[in-house]
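**Student:** Quick one: the structure is below, questions incoming.
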Amino acid sequence: MKNTTQRSNGYYGKFGGAYIPELLFNNVNKLQKNYERIIRTKEFQTQFKTLLKDYVGRPTPLYFSEALSSKYKAKIFLKREDLNHTGAHKINNALGQALLAKMMGKQKIVAETGAGQHGVAVATACTLLGLSCVVFMGETDIARQAPNVARMKMLGTTVIPSLSGTKTLKDATNDAIRYWINHADDTHYIIGSVVGPHPYPDIVAKFQSVISKEIKIQLKKQTGDAEPDYVIACVGGGSNAAGAFYHFLGSKKTKLIGAEAAGMGIHSHETAATLMVGSVGIIHGSKTYLMQNKDGQITEPYSISAGLDYPGIGPLHAYLHETKQATYYAVTDREALDAAKELIHLDGIIPALESAHAFALLPKMKFKPTDVVVINLSGRGDKDMETYLKFIL
Amino acid sequence: MNTLQQTILNNKNNNLSVFFTAGFPTMESTKEILGILNTTNVDFIEIGIPFSDPLADGPVIQHSSTIALNNGMTLELLFAQLKEVKDKITKPYLLMGYLNSLLACGIETFYRKCYEGGVHHIIIPDLPVNEYLEEHKFIADKFEVSPVFLITPSTSEARIKEIDKISKAFIYVVSGNTTTGNDSSIQTEAIKKIQDMKLRNPLIIGFGIKNKADYSEACKLGNGAIIGSAFINMISGSSDLQKDIPEFIGQIKS
Ligand SMILES: Cc1ncc(COP(=O)(O)O)c(C=O)c1O
């Protein structure tokens with residue numbers, strides 16, 4: 001990220017910061033003071049790059065879709081994060097943070113998960129690096145994402161049901177933070193998106209930035225120009241979008257487009273489109289847009305996709321939205337399902353429901369035939385088979 | 001000097017405070033519990049603003065918040081309740097809550113309503129010191145409200161001194177690195193070191209204080225203690241608050 005977006009004290013414009021109880025001050029402060037130095041060391045860089053290449057399978061392909069290109073009259077490329085080990089972009093961050101934790105002398109990891117993709121990625125990284133791992137998951141999500149729960153358990157992770165609040169991702173995040181407070185000495189918290197107190201949004205964005213770094217190189221090779229006209233990504237907390245946008249921030253050419261989950265529609269009260277219906281406040285230690293009532297109580301989001309079912313959004317996106325450096329649209333459950341169906345039939349790719357939200361913007365955009373469009377295909381749809389079988393067969 | 005500051009100084013090292021959540025177990029409980037506490041040996045009272053996502057709290061306080069919110073409790077209603085009873089309650093009380101509630105109310109409105117409700121001190125665990133100094137202090141001062149900050153056994157000396165400098169009533173010393181209501185014991189050695197710093201402000205110890213033994217230990221290490229989860233548990237199990245609250249307090253400070 002250029003200095004145009006990141007102030008040294010952890011703010012993006014007025015968004016971000018570290019609104020944490022004193023109980024977390026030492027841990028967060030240590031992380032703030034050390035993360036940039038550690039990430040820059042040769043030791044870290046060598047290990048991280050090797051793992052991304054040989055273990056995760058990076059670089060992920062940039063695939064030119066002839067079918068989508070001819071249908072939407074533009075040059076459409078898919079960044080295949082679905083081909084990563086464990087099936088989504090989440091592993092980029094999980095491995096980076098697990099390495100960081102190890103270099104900071106922590107032996108234990110706590111994390112939250114919604115759909116279970118981040119949980120599985122963290123469980124995998126911990127197994128690989130010999131760290132012990134506890135994952136909080138809302139009781140509701142445990143019930144609707146059973147295969148990922150089984151994967152985490154198989155990897156030796158302790159999965160603890162969150163029984164507080166609405167028993168979904170926001171509550172799992174609360175419980176992971178509380179666990180961290182109670183185990184501050186030996187535990188590192190691996191947050192799953194570009195959310196949380198500073199420096200988390202920056203750490204996660206940096207680890208995900210490999211996505212846009214590769215896009216630039218691949219696009220240059222395939223089209224002769226490193227900069228596309230559009231980058232499109234889905235936004236829950238916003239980590240895959242942050243990674244896909246990162247090296248295009250400040251570009252005069254590239255338009256950055258985010259797809260939020262509208263659920264049943266932004267006026268339905270059954271929605272997770274934070275930028276459309278939210279207002280500025282504090283969620284999970286960060287000042288950003290969130291869904292809340294007029295008393296400041298955080299409200300329950302809804303989306304068919306568990307990974308987008310979050311009532312906040314990373315402070316970077318709040319800032320890009322407010323300064324109009326990126327444009328965000330809302331996509332309903334139905335539109336996402338239709339987009340998934342189309343991708344399955346045209347390209348033979350079953351996307352994650354989250355990623356399908358990005359594809360649902362294709363019919364809404366007005367491209368020129370010469371436009372180069374990159375869609376971040378953040379994950380694969382194995383975990384969503386039950387939903388697909390129910391709704392699109 | 002306001003009544004809270006006076007009270008804490010007068011009591012030297014045996015201050016007793018209790019915490020309860022506004023609107024729990026019923027919407028009308030706030031006024032009732034305040035009224036009963038006013039007749040006991042409690043020295044000052046902390047009233048929690050219920051919040052949907054209380055990060056620093058353990059299960060007992062979380063649960064009380066959830067019930068209060070289900071009852072329809074809001075910050076606006078709490079301020080209205082306080083205005084009603086403020087002339088009858090002679091013991092000082094303060095508010096504890098999370099920053100998002102304050103921001104949703106609006107900074108200026110919040111501090112004005114504190115003043116109108118007889119609240120001179122607030123505890124907002126997720127309000128950073130710098131943000132208070134830059135964006136709140138000017139307005140809070142105007143309405144004679146000042147914050148109480150938390151420190152923990154692992155807060156650095158430099159930071160404790162900085163907090164001591166800007167605190168006006170007491171410093172809230174968290175008993176250990178824990179969320180509220182935990183069973184872990186008071187980290188005696190670390191808190192002794194804080195005591196040895198001879199700060200300007202009295203030290204009141206909280207989080208996990210549940211009985212007379214904990215209270216007595218806190219009185220040796222500082223100037224008293226705050227009981228939260230244990231008090232709320234008692235309320236939850238009580239069918240006669242008029243009898244049980246004085247009995248609970250009596251067992252701890254006679
Ligand atoms: C495949 C996939 N894409 C996107 C997301 C949303 O997260 P983010 O907005 O941080 O990329 C998730 C979250 O679980 C996911 O699994």
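By order in the structure tokens, chains are A, B, ...; within a chain, residues start at 1; ligands start at 1, following the order shown.
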Distance limit 9 Å, atoms considered: only C-alpha atoms. Which chain A residues sit that close to chain B? Return them as JSON, numbers by chain.
**Tutor:** {"A": [18, 19, 20, 21, 22, 23, 24, 25, 26, 164, 165, 170, 171, 174, 175, 177, 178, 179, 181, 182, 183, 184, 280, 281, 282, 283, 284, 285, 292, 293, 294, 295, 296, 297, 298, 299]}
**Student:** Could you list, as a ChimeraX atom specification, every residue within 10 Å of Tyr310 (chain A), counting only C-alpha atoms and ignoring same-chain residues fewer than 3 positions away?
**Tutor:** /A:114,168-171,235-237,261,271-274,290-291,299-303,305-307,313
**Student:** Can you pull out every residue with an atom within 7 Å of ligand 1? Use only C-alpha atoms and all ligand atoms and format it as a list in words.
**Tutor:**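 Within the 7 Å cut-off, the matching residues are Ala88, His89, Lys90, Gly114, Ala115, Gly116, Gln117, His118, Gly192, Ser193, Val194, Cys234, Val235, Gly236, Gly237, Gly238, Ser239, Asn240, Ala241, Ala306, Gly307, Leu308, Ala352, Glu354, Ser355, Ser378, Gly379 and Arg380 of chain A.
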**Student:** A:Gly13, A:His267, A:Asn27, A:Arg58: which is nearest Leu320 (chain A), counting only C-alpha atoms?
**Tutor:**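 Answer, going by the shortest atom-to-atom distance: A:Gly13.
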**Student:** If you count only C-alpha atoms, which residues fall within 12 Å of region 188-202 of chain B, apart from same-chain ones fewer than 5 positions away, as a short mmCIF file (atom, residue, chain, number, x, y, z; two decimals) with all heavy atoms, in the first residue's frame?
**Tutor:**
data_model
loop_
_atom_site.label_atom_id
_atom_site.label_comp_id
_atom_site.auth_asym_id
_atom_site.auth_seq_id
_atom_site.Cartn_x
_atom_site.Cartn_y
_atom_site.Cartn_z
N LEU B 4 -17.52 11.26 44.52
CA LEU B 4 -16.77 10.01 44.33
C LEU B 4 -15.33 10.16 44.82
O LEU B 4 -14.82 9.32 45.56
CB LEU B 4 -16.78 9.58 42.86
CG LEU B 4 -15.98 8.30 42.58
CD1 LEU B 4 -16.63 7.09 43.26
CD2 LEU B 4 -15.85 8.03 41.10
N GLN B 5 -14.72 11.25 44.41
CA GLN B 5 -13.34 11.49 44.84
C GLN B 5 -13.25 11.57 46.37
O GLN B 5 -12.38 10.96 47.00
CB GLN B 5 -12.81 12.80 44.21
CG GLN B 5 -12.65 12.70 42.70
CD GLN B 5 -12.61 14.07 42.02
OE1 GLN B 5 -13.20 15.04 42.50
NE2 GLN B 5 -11.92 14.14 40.89
N GLN B 6 -14.19 12.30 46.97
CA GLN B 6 -14.24 12.46 48.43
C GLN B 6 -14.42 11.09 49.11
O GLN B 6 -13.72 10.76 50.06
CB GLN B 6 -15.41 13.39 48.79
CG GLN B 6 -15.37 13.91 50.21
CD GLN B 6 -14.17 14.84 50.43
OE1 GLN B 6 -14.02 15.84 49.74
NE2 GLN B 6 -13.29 14.47 51.35
N THR B 7 -15.38 10.33 48.61
CA THR B 7 -15.69 9.02 49.19
C THR B 7 -14.47 8.11 49.19
O THR B 7 -14.14 7.49 50.21
CB THR B 7 -16.80 8.34 48.36
OG1 THR B 7 -17.92 9.19 48.33
CG2 THR B 7 -17.19 7.00 48.96
N ILE B 8 -13.80 8.04 48.06
CA ILE B 8 -12.66 7.12 47.95
C ILE B 8 -11.53 7.54 48.89
O ILE B 8 -10.93 6.70 49.57
CB ILE B 8 -12.18 7.02 46.49
CG1 ILE B 8 -13.27 6.36 45.63
CG2 ILE B 8 -10.88 6.22 46.38
CD1 ILE B 8 -12.96 6.28 44.16
N LEU B 9 -11.30 8.85 48.99
CA LEU B 9 -10.26 9.33 49.90
C LEU B 9 -10.63 9.02 51.35
O LEU B 9 -9.82 8.53 52.13
CB LEU B 9 -10.05 10.83 49.73
CG LEU B 9 -9.26 11.25 48.49
CD1 LEU B 9 -9.01 12.75 48.52
CD2 LEU B 9 -7.93 10.49 48.39
N ASN B 10 -11.89 9.30 51.71
CA ASN B 10 -12.34 9.07 53.09
C ASN B 10 -12.20 7.61 53.50
O ASN B 10 -11.87 7.30 54.64
CB ASN B 10 -13.80 9.48 53.26
CG ASN B 10 -13.96 10.98 53.19
OD1 ASN B 10 -12.97 11.72 53.20
ND2 ASN B 10 -15.21 11.44 53.09
N ASN B 11 -12.48 6.72 52.55
CA ASN B 11 -12.44 5.29 52.88
C ASN B 11 -11.04 4.71 52.89
O ASN B 11 -10.87 3.53 53.16
CB ASN B 11 -13.28 4.51 51.88
CG ASN B 11 -14.74 4.62 52.21
OD1 ASN B 11 -15.16 4.27 53.30
ND2 ASN B 11 -15.52 5.13 51.27
N LYS B 12 -10.08 5.50 52.56
CA LYS B 12 -8.67 5.07 52.53
C LYS B 12 -8.51 3.77 51.75
O LYS B 12 -8.56 3.79 50.54
CB LYS B 12 -8.13 4.93 53.95
CG LYS B 12 -8.08 6.28 54.65
CD LYS B 12 -7.23 6.24 55.91
CE LYS B 12 -7.01 7.63 56.46
NZ LYS B 12 -8.25 8.27 56.94
N ASN B 13 -8.36 2.65 52.45
CA ASN B 13 -8.09 1.42 51.68
C ASN B 13 -9.18 0.36 51.84
O ASN B 13 -8.92 -0.82 51.66
CB ASN B 13 -6.72 0.85 52.02
CG ASN B 13 -6.67 0.41 53.46
OD1 ASN B 13 -7.59 0.72 54.23
ND2 ASN B 13 -5.63 -0.29 53.84
N ASN B 14 -10.39 0.77 52.18
CA ASN B 14 -11.42 -0.28 52.22
C ASN B 14 -12.67 0.08 51.41
O ASN B 14 -13.79 -0.16 51.83
CB ASN B 14 -11.77 -0.67 53.66
CG ASN B 14 -12.44 0.47 54.40
OD1 ASN B 14 -12.53 1.57 53.87
ND2 ASN B 14 -12.92 0.21 55.59
N ASN B 15 -12.41 0.65 50.22
CA ASN B 15 -13.53 0.96 49.33
C ASN B 15 -14.14 -0.32 48.77
O ASN B 15 -13.43 -1.23 48.35
CB ASN B 15 -13.05 1.80 48.16
CG ASN B 15 -12.82 3.24 48.56
OD1 ASN B 15 -13.77 4.01 48.68
ND2 ASN B 15 -11.56 3.59 48.80
N VAL B 148 -12.08 6.93 33.96
CA VAL B 148 -11.21 6.10 34.78
C VAL B 148 -10.57 5.12 33.81
O VAL B 148 -11.27 4.50 32.99
CB VAL B 148 -12.05 5.34 35.83
CG1 VAL B 148 -11.22 4.25 36.50
CG2 VAL B 148 -12.61 6.32 36.86
N PHE B 149 -9.26 5.01 33.85
CA PHE B 149 -8.57 4.10 32.92
C PHE B 149 -8.18 2.79 33.62
O PHE B 149 -7.96 2.76 34.82
CB PHE B 149 -7.33 4.76 32.34
CG PHE B 149 -7.65 5.88 31.39
CD1 PHE B 149 -7.56 7.21 31.80
CD2 PHE B 149 -8.07 5.62 30.10
CE1 PHE B 149 -7.88 8.25 30.93
CE2 PHE B 149 -8.38 6.65 29.22
CZ PHE B 149 -8.29 7.97 29.64
N ILE B 151 -5.54 -0.35 34.16
CA ILE B 151 -4.18 -0.84 33.96
C ILE B 151 -4.16 -2.32 34.36
O ILE B 151 -5.07 -2.78 35.06
CB ILE B 151 -3.12 -0.05 34.77
CG1 ILE B 151 -3.35 -0.19 36.27
CG2 ILE B 151 -3.11 1.42 34.36
CD1 ILE B 151 -2.25 0.44 37.11
N THR B 152 -3.20 -3.05 33.88
CA THR B 152 -3.11 -4.48 34.21
C THR B 152 -1.74 -4.75 34.81
O THR B 152 -0.85 -3.89 34.74
CB THR B 152 -3.28 -5.37 32.96
OG1 THR B 152 -2.03 -5.38 32.25
CG2 THR B 152 -4.39 -4.88 32.05
N PRO B 153 -1.53 -5.95 35.38
CA PRO B 153 -0.21 -6.28 35.92
C PRO B 153 0.88 -6.19 34.87
O PRO B 153 2.05 -6.10 35.21
CB PRO B 153 -0.38 -7.71 36.42
CG PRO B 153 -1.82 -7.84 36.73
CD PRO B 153 -2.52 -7.01 35.71
N SER B 154 0.54 -6.20 33.57
CA SER B 154 1.62 -6.08 32.59
C SER B 154 1.70 -4.72 31.92
O SER B 154 2.45 -4.54 30.96
CB SER B 154 1.54 -7.22 31.56
OG SER B 154 0.23 -7.59 31.31
N THR B 155 0.95 -3.74 32.42
CA THR B 155 1.08 -2.39 31.88
C THR B 155 2.44 -1.82 32.30
O THR B 155 2.86 -1.98 33.45
CB THR B 155 -0.04 -1.48 32.42
OG1 THR B 155 -1.30 -2.06 32.08
CG2 THR B 155 0.02 -0.09 31.81
N SER B 156 3.13 -1.18 31.36
CA SER B 156 4.48 -0.68 31.66
C SER B 156 4.42 0.48 32.65
O SER B 156 3.42 1.19 32.76
CB SER B 156 5.15 -0.20 30.37
OG SER B 156 4.54 1.01 29.95
N GLU B 157 5.53 0.69 33.36
CA GLU B 157 5.60 1.77 34.35
C GLU B 157 5.35 3.13 33.71
O GLU B 157 4.63 3.96 34.25
CB GLU B 157 6.98 1.76 35.01
CG GLU B 157 6.90 1.35 36.46
CD GLU B 157 8.20 1.59 37.20
OE1 GLU B 157 8.62 2.76 37.36
OE2 GLU B 157 8.79 0.59 37.60
N ALA B 158 5.94 3.32 32.54
CA ALA B 158 5.80 4.61 31.86
C ALA B 158 4.33 4.89 31.55
O ALA B 158 3.84 6.00 31.75
CB ALA B 158 6.62 4.61 30.58
N ARG B 159 3.65 3.85 31.11
CA ARG B 159 2.25 4.02 30.75
C ARG B 159 1.39 4.26 31.99
O ARG B 159 0.45 5.05 31.97
CB ARG B 159 1.79 2.76 30.00
CG ARG B 159 0.54 2.93 29.24
CD ARG B 159 0.29 1.75 28.32
NE ARG B 159 -1.14 1.67 28.07
CZ ARG B 159 -1.78 2.47 27.23
NH1 ARG B 159 -1.10 3.37 26.55
NH2 ARG B 159 -3.08 2.35 27.06
N ILE B 160 1.72 3.56 33.09
CA ILE B 160 0.99 3.77 34.34
C ILE B 160 1.13 5.23 34.79
O ILE B 160 0.17 5.88 35.19
CB ILE B 160 1.48 2.81 35.44
CG1 ILE B 160 1.12 1.36 35.06
CG2 ILE B 160 0.88 3.17 36.79
CD1 ILE B 160 1.63 0.30 36.02
N LYS B 161 2.35 5.75 34.68
CA LYS B 161 2.58 7.15 35.10
C LYS B 161 1.78 8.13 34.25
O LYS B 161 1.24 9.10 34.75
CB LYS B 161 4.08 7.48 35.02
CG LYS B 161 4.85 6.88 36.18
CD LYS B 161 6.31 7.30 36.15
CE LYS B 161 7.07 6.66 37.29
NZ LYS B 161 8.49 6.46 36.95
N GLU B 162 1.74 7.84 32.96
CA GLU B 162 0.97 8.70 32.04
C GLU B 162 -0.51 8.68 32.43
O GLU B 162 -1.18 9.72 32.48
CB GLU B 162 1.18 8.17 30.62
CG GLU B 162 0.54 8.98 29.51
CD GLU B 162 0.50 8.19 28.19
OE1 GLU B 162 1.26 7.20 28.04
OE2 GLU B 162 -0.30 8.59 27.31
N ILE B 163 -1.02 7.48 32.72
CA ILE B 163 -2.43 7.33 33.09
C ILE B 163 -2.70 8.00 34.44
O ILE B 163 -3.72 8.67 34.63
CB ILE B 163 -2.82 5.82 33.08
CG1 ILE B 163 -2.96 5.35 31.62
CG2 ILE B 163 -4.10 5.57 33.87
CD1 ILE B 163 -3.13 3.86 31.44
N ASP B 164 -1.76 7.87 35.35
CA ASP B 164 -1.90 8.50 36.67
C ASP B 164 -2.04 10.02 36.53
O ASP B 164 -2.82 10.66 37.22
CB ASP B 164 -0.68 8.15 37.53
CG ASP B 164 -0.85 8.60 38.98
OD1 ASP B 164 -1.98 8.46 39.51
OD2 ASP B 164 0.12 9.09 39.58
N LYS B 165 -1.27 10.56 35.61
CA LYS B 165 -1.25 12.01 35.41
C LYS B 165 -2.62 12.55 34.97
O LYS B 165 -3.02 13.63 35.38
CB LYS B 165 -0.19 12.35 34.33
CG LYS B 165 0.64 13.58 34.68
CD LYS B 165 1.55 13.96 33.52
CE LYS B 165 2.89 13.21 33.58
NZ LYS B 165 3.67 13.38 32.33
N ILE B 166 -3.33 11.79 34.14
CA ILE B 166 -4.58 12.32 33.60
C ILE B 166 -5.82 11.78 34.32
O ILE B 166 -6.94 12.15 33.99
CB ILE B 166 -4.71 12.04 32.08
CG1 ILE B 166 -4.64 10.54 31.80
CG2 ILE B 166 -3.63 12.77 31.30
CD1 ILE B 166 -4.98 10.20 30.36
N SER B 167 -5.64 10.90 35.31
CA SER B 167 -6.80 10.34 36.03
C SER B 167 -7.17 11.24 37.19
O SER B 167 -6.32 11.88 37.79
CB SER B 167 -6.45 8.94 36.55
OG SER B 167 -6.17 8.09 35.47
N LYS B 168 -8.48 11.25 37.49
CA LYS B 168 -8.93 12.17 38.53
C LYS B 168 -9.63 11.52 39.72
O LYS B 168 -9.85 12.18 40.73
CB LYS B 168 -9.87 13.20 37.91
CG LYS B 168 -9.15 14.17 36.99
CD LYS B 168 -10.07 15.29 36.57
CE LYS B 168 -9.35 16.27 35.67
NZ LYS B 168 -10.31 17.00 34.82
N ALA B 169 -10.06 10.26 39.59
CA ALA B 169 -10.78 9.66 40.71
C ALA B 169 -10.02 8.46 41.26
O ALA B 169 -9.70 8.39 42.45
CB ALA B 169 -12.17 9.24 40.27
N PHE B 170 -9.75 7.51 40.40
CA PHE B 170 -8.96 6.35 40.79
C PHE B 170 -8.44 5.66 39.54
O PHE B 170 -8.85 6.01 38.42
CB PHE B 170 -9.78 5.38 41.65
CG PHE B 170 -10.96 4.71 40.98
CD1 PHE B 170 -10.83 3.46 40.37
CD2 PHE B 170 -12.22 5.32 40.95
CE1 PHE B 170 -11.92 2.83 39.77
CE2 PHE B 170 -13.32 4.70 40.35
CZ PHE B 170 -13.16 3.45 39.76
N ILE B 171 -7.52 4.73 39.73
CA ILE B 171 -7.07 3.89 38.62
C ILE B 171 -7.64 2.50 38.84
O ILE B 171 -7.61 1.97 39.95
CB ILE B 171 -5.53 3.86 38.54
CG1 ILE B 171 -5.01 5.26 38.19
CG2 ILE B 171 -5.07 2.85 37.49
CD1 ILE B 171 -3.49 5.35 38.14
N TYR B 172 -8.21 1.96 37.79
CA TYR B 172 -8.84 0.64 37.86
C TYR B 172 -7.75 -0.40 37.56
O TYR B 172 -7.28 -0.50 36.44
CB TYR B 172 -9.94 0.57 36.80
CG TYR B 172 -10.91 -0.57 36.92
CD1 TYR B 172 -12.28 -0.34 36.82
CD2 TYR B 172 -10.48 -1.88 37.10
CE1 TYR B 172 -13.20 -1.38 36.92
CE2 TYR B 172 -11.38 -2.92 37.21
CZ TYR B 172 -12.73 -2.67 37.11
OH TYR B 172 -13.64 -3.70 37.20
N VAL B 173 -7.35 -1.13 38.59
CA VAL B 173 -6.30 -2.12 38.41
C VAL B 173 -6.93 -3.49 38.15
O VAL B 173 -7.63 -4.03 39.01
CB VAL B 173 -5.39 -2.21 39.66
CG1 VAL B 173 -4.26 -3.21 39.42
CG2 VAL B 173 -4.85 -0.85 40.02
N VAL B 174 -6.71 -4.02 36.97
CA VAL B 174 -7.26 -5.33 36.64
C VAL B 174 -6.42 -6.40 37.35
O VAL B 174 -5.18 -6.36 37.31
CB VAL B 174 -7.26 -5.54 35.11
CG1 VAL B 174 -7.81 -6.91 34.76
CG2 VAL B 174 -8.10 -4.46 34.45
N SER B 175 -7.11 -7.34 38.00
CA SER B 175 -6.44 -8.29 38.89
C SER B 175 -5.42 -9.19 38.19
O SER B 175 -4.49 -9.68 38.80
CB SER B 175 -7.49 -9.16 39.58
OG SER B 175 -8.19 -9.90 38.60
N GLY B 176 -5.59 -9.41 36.91
CA GLY B 176 -4.67 -10.26 36.15
C GLY B 176 -4.95 -10.06 34.69
O GLY B 176 -5.73 -9.19 34.32
N ASN B 177 -4.32 -10.86 33.81
CA ASN B 177 -4.63 -10.72 32.38
C ASN B 177 -5.83 -11.58 32.04
O ASN B 177 -5.70 -12.68 31.54
CB ASN B 177 -3.43 -11.10 31.54
CG ASN B 177 -2.44 -9.97 31.48
OD1 ASN B 177 -2.82 -8.81 31.29
ND2 ASN B 177 -1.19 -10.27 31.70
N ASP B 214 -11.07 -12.26 48.69
CA ASP B 214 -10.53 -11.46 47.57
C ASP B 214 -10.54 -9.98 47.94
O ASP B 214 -9.59 -9.25 47.68
CB ASP B 214 -11.39 -11.63 46.31
CG ASP B 214 -11.35 -13.05 45.76
OD1 ASP B 214 -10.43 -13.81 46.11
OD2 ASP B 214 -12.27 -13.39 44.98
N GLU B 217 -7.84 -9.01 50.36
CA GLU B 217 -6.54 -8.96 49.71
C GLU B 217 -6.39 -7.69 48.87
O GLU B 217 -5.36 -7.02 48.90
CB GLU B 217 -6.34 -10.19 48.82
CG GLU B 217 -4.90 -10.31 48.38
CD GLU B 217 -4.62 -11.58 47.58
OE1 GLU B 217 -5.49 -12.47 47.58
OE2 GLU B 217 -3.54 -11.64 46.97
N ALA B 218 -7.47 -7.34 48.16
CA ALA B 218 -7.44 -6.13 47.34
C ALA B 218 -7.23 -4.90 48.21
O ALA B 218 -6.56 -3.95 47.82
CB ALA B 218 -8.73 -6.01 46.54
N CYS B 219 -7.79 -4.92 49.42
CA CYS B 219 -7.64 -3.78 50.33
C CYS B 219 -6.20 -3.65 50.82
O CYS B 219 -5.75 -2.56 51.16
CB CYS B 219 -8.60 -3.91 51.51
SG CYS B 219 -10.32 -3.70 51.01
N LYS B 220 -5.50 -4.78 50.87
CA LYS B 220 -4.09 -4.71 51.27
C LYS B 220 -3.22 -4.18 50.13
O LYS B 220 -2.25 -3.49 50.34
CB LYS B 220 -3.58 -6.11 51.66
CG LYS B 220 -3.90 -6.46 53.10
CD LYS B 220 -3.26 -7.79 53.46
CE LYS B 220 -4.25 -8.66 54.20
NZ LYS B 220 -4.22 -10.06 53.78
N LEU B 221 -3.61 -4.54 48.90
CA LEU B 221 -2.79 -4.17 47.73
C LEU B 221 -3.11 -2.78 47.21
O LEU B 221 -2.30 -2.17 46.52
CB LEU B 221 -3.02 -5.18 46.60
CG LEU B 221 -2.51 -6.58 46.83
CD1 LEU B 221 -3.08 -7.53 45.80
CD2 LEU B 221 -0.98 -6.58 46.77
N GLY B 222 -4.31 -2.31 47.52
CA GLY B 222 -4.70 -1.01 46.99
C GLY B 222 -5.72 -0.37 47.90
O GLY B 222 -5.67 -0.57 49.12
N ASN B 223 -6.66 0.33 47.32
CA ASN B 223 -7.61 1.08 48.14
C ASN B 223 -9.01 0.50 48.12
O ASN B 223 -9.97 1.16 48.52
CB ASN B 223 -7.65 2.54 47.66
CG ASN B 223 -6.26 3.15 47.67
OD1 ASN B 223 -5.48 2.95 46.74
ND2 ASN B 223 -5.93 3.86 48.73
N GLY B 224 -9.12 -0.75 47.64
CA GLY B 224 -10.43 -1.39 47.65
C GLY B 224 -10.67 -2.18 46.40
O GLY B 224 -9.75 -2.41 45.61
N ALA B 225 -11.93 -2.62 46.23
CA ALA B 225 -12.21 -3.53 45.13
C ALA B 225 -13.59 -3.30 44.54
O ALA B 225 -14.48 -2.71 45.17
CB ALA B 225 -12.08 -4.97 45.59
#
**Student:** Would you kindly return, as a list in words, each protein, DNA or RNA residue with an atom no farther than 7 Å from any atom of Gln107 (chain A), considering only C-alpha atoms and excluding same-chain residues fewer than 2 positions away?
**Tutor:**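 Those residues are Lys102, Gly105, Ile109, Leu131, Ser132, Asp186 and Thr187 of chain A.
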**Student:** Once you have the residues from the selection above, write them out as an mmCIF file, in the first residue's frame, restricted to N, CA and C atoms.
**Tutor:**
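That gives us out_25.cif:
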data_model
loop_
_atom_site.group_PDB
_atom_site.id
_atom_site.type_symbol
_atom_site.label_atom_id
_atom_site.label_comp_id
_atom_site.auth_asym_id
_atom_site.auth_seq_id
_atom_site.Cartn_x
_atom_site.Cartn_y
_atom_site.Cartn_z
ATOM 1 N N LYS A 102 5.545 -17.504 15.062
ATOM 2 C CA LYS A 102 6.672 -18.343 15.448
ATOM 3 C C LYS A 102 7.925 -17.497 15.674
ATOM 4 N N GLY A 105 8.078 -15.854 18.883
ATOM 5 C CA GLY A 105 8.214 -16.727 20.046
ATOM 6 C C GLY A 105 6.913 -17.274 20.614
ATOM 7 N N ILE A 109 -1.811 -20.666 18.799
ATOM 8 C CA ILE A 109 -2.569 -19.809 17.896
ATOM 9 C C ILE A 109 -4.042 -19.895 18.251
ATOM 10 N N LEU A 131 2.584 -25.613 15.543
ATOM 11 C CA LEU A 131 1.967 -24.748 16.548
ATOM 12 C C LEU A 131 0.647 -25.370 16.990
ATOM 13 N N SER A 132 0.255 -25.145 18.244
ATOM 14 C CA SER A 132 -1.044 -25.674 18.651
ATOM 15 C C SER A 132 -2.120 -24.639 18.336
ATOM 16 N N ASP A 186 1.416 -16.574 25.682
ATOM 17 C CA ASP A 186 1.999 -17.529 24.745
ATOM 18 C C ASP A 186 1.231 -17.645 23.429
ATOM 19 N N THR A 187 0.156 -16.855 23.278
ATOM 20 C CA THR A 187 -0.733 -17.061 22.141
ATOM 21 C C THR A 187 -0.726 -15.874 21.173
#
**Student:** Would you work out the distance separating CA of Val277 (chain A) from CA of Ala111 (chain A), expressed in Å to one decimal?
**Tutor:**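 We find that CA of Val277 (chain A) and CA of Ala111 (chain A) lie 27.5 Å from each other.
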**Student:** Give the alpha helix (DSSP H) residues of region 116-295 of chain A, as DSSP finds them on the backbone, and put them as a ChimeraX atom specification.
**Tutor:** /A:117-129,139-144,146-154,169-182,200-208,210-223,239-245,274-277
**Student:** Got a sec: who's within 12 Å of Lys88 (chain B), counting only C-alpha atoms, leaving out chain neighbours fewer than 5 positions off, as a ChimeraX atom specification?
**Tutor:** /B:31-32,34-39,81-83,117-118
**Student:** CA of Leu249 (chain A) and CA of Gln97 (chain A) are how many Å apart?
**Tutor:** 23.3 Å
**Student:** Just the residues within 12 Å of Ala121 (chain A), please, counting only C-alpha atoms, with nothing from its chain fewer than 3 positions along; format it as an MDAnalysis selection string.
**Tutor:** chainID A and resid 56 84:98 111:113 115:118 124:128 133 135 148:149 151:152 155 157 190:192 379
